[in-house]
Structure formats: C-alpha cells, structure tokens
$ cat work01.cif   # mmCIF, C-alpha atoms
data_final
#
loop_
_atom_site.label_atom_id
_atom_site.label_comp_id
_atom_site.auth_asym_id
_atom_site.auth_seq_id
_atom_site.Cartn_x
_atom_site.Cartn_y
_atom_site.Cartn_z
CA MET A 24 51.14 12.21 51.27
CA PRO A 25 54.71 12.32 52.65
CA VAL A 26 56.44 15.70 52.84
CA VAL A 27 60.21 16.03 52.34
CA THR A 28 62.24 19.10 53.22
CA VAL A 29 64.82 19.80 50.51
CA ARG A 30 67.76 21.91 51.67
CA TYR A 31 69.80 23.70 49.04
CA LEU A 32 73.47 24.34 49.79
CA ALA A 33 76.06 26.65 48.23
CA ALA A 34 75.60 27.05 44.46
CA PHE A 35 72.16 25.41 44.45
CA SER A 36 70.94 27.92 47.02
CA SER A 37 72.14 30.75 44.80
CA LEU A 38 70.57 29.19 41.71
CA THR A 39 67.17 28.58 43.30
CA GLY A 40 67.10 31.74 45.39
CA ARG A 41 66.08 29.78 48.47
CA ARG A 42 67.69 27.73 51.19
CA GLU A 43 64.98 25.08 51.48
CA GLU A 44 61.54 24.03 50.37
CA GLU A 45 58.99 21.41 51.33
CA VAL A 46 57.91 19.00 48.62
CA LYS A 47 54.84 16.76 48.87
CA LEU A 48 55.55 13.34 47.39
CA PRO A 49 52.75 11.35 45.79
CA GLU A 50 52.43 7.79 47.08
CA GLY A 51 54.89 5.44 45.44
CA LEU A 52 57.35 8.14 44.41
CA LYS A 53 60.95 7.34 45.31
CA LEU A 54 63.73 9.73 46.31
CA LYS A 55 65.38 8.97 42.98
CA ASP A 56 62.27 10.33 41.24
CA LEU A 57 62.37 13.46 43.41
CA ALA A 58 66.04 14.03 42.55
CA GLU A 59 65.18 13.88 38.84
CA ARG A 60 62.41 16.46 39.34
CA LEU A 61 64.75 18.87 41.10
#
$ encode --input "work01.cif" --output "structure tokens"
Amino acid sequence: MPVVTVRYLAAFSSLTGRREEEVKLPEGLKLKDLAERL
C-alpha cells in the first residue's frame, strides 16, 4: 500500500492543527481521490 506524506501550509495547517500527516492509499486510488478525501 503506497504511503503519501501530506503537508499542510498556512491556513490549512491552522485548520487541521498539524503540519503534515502520512496517508496510506489503497491500491488503485488516485491523487484526485485523496484530494477529495482531505
């Protein structure tokens, strides 16, 4: 399962309360799908 590091900048960092997180992507999931989940 691929792992993607998502880095939050500026307002998104303040909204999420974190600067980054690692997200495990199920096989076949596209970055577009990840963006919709975030």
$ residues_around --input "work01.cif" --residues "A:Arg41" --least-positions-apart "6" --cutoff "9 Å" --atoms "all atoms listed in the file" --output "list in words"
Arg30, Tyr31 and Phe35 of chain A
$ closest_residue --input "work01.cif" --among "A:Met24, A:Val29, A:Gly40, A:Ala34" --to "A:Ala58" --atoms "all atoms listed in the file"
A:Val29
$ atom_distance --input "work01.cif" --atom1 "atom CA of A:Val26" --atom2 "atom CA of A:Glu44"
10.1 Å
$ residues_near_point --input "work01.cif" --point "(64.4, 8.8, 50.2)" --cutoff "12 Å" --atoms "all atoms listed in the file" --output "list in words"
Pro25, Val26, Val27, Thr28, Val29, Leu48, Gly51, Leu52, Lys53, Leu54, Lys55, Asp56, Leu57 and Ala58 of chain A
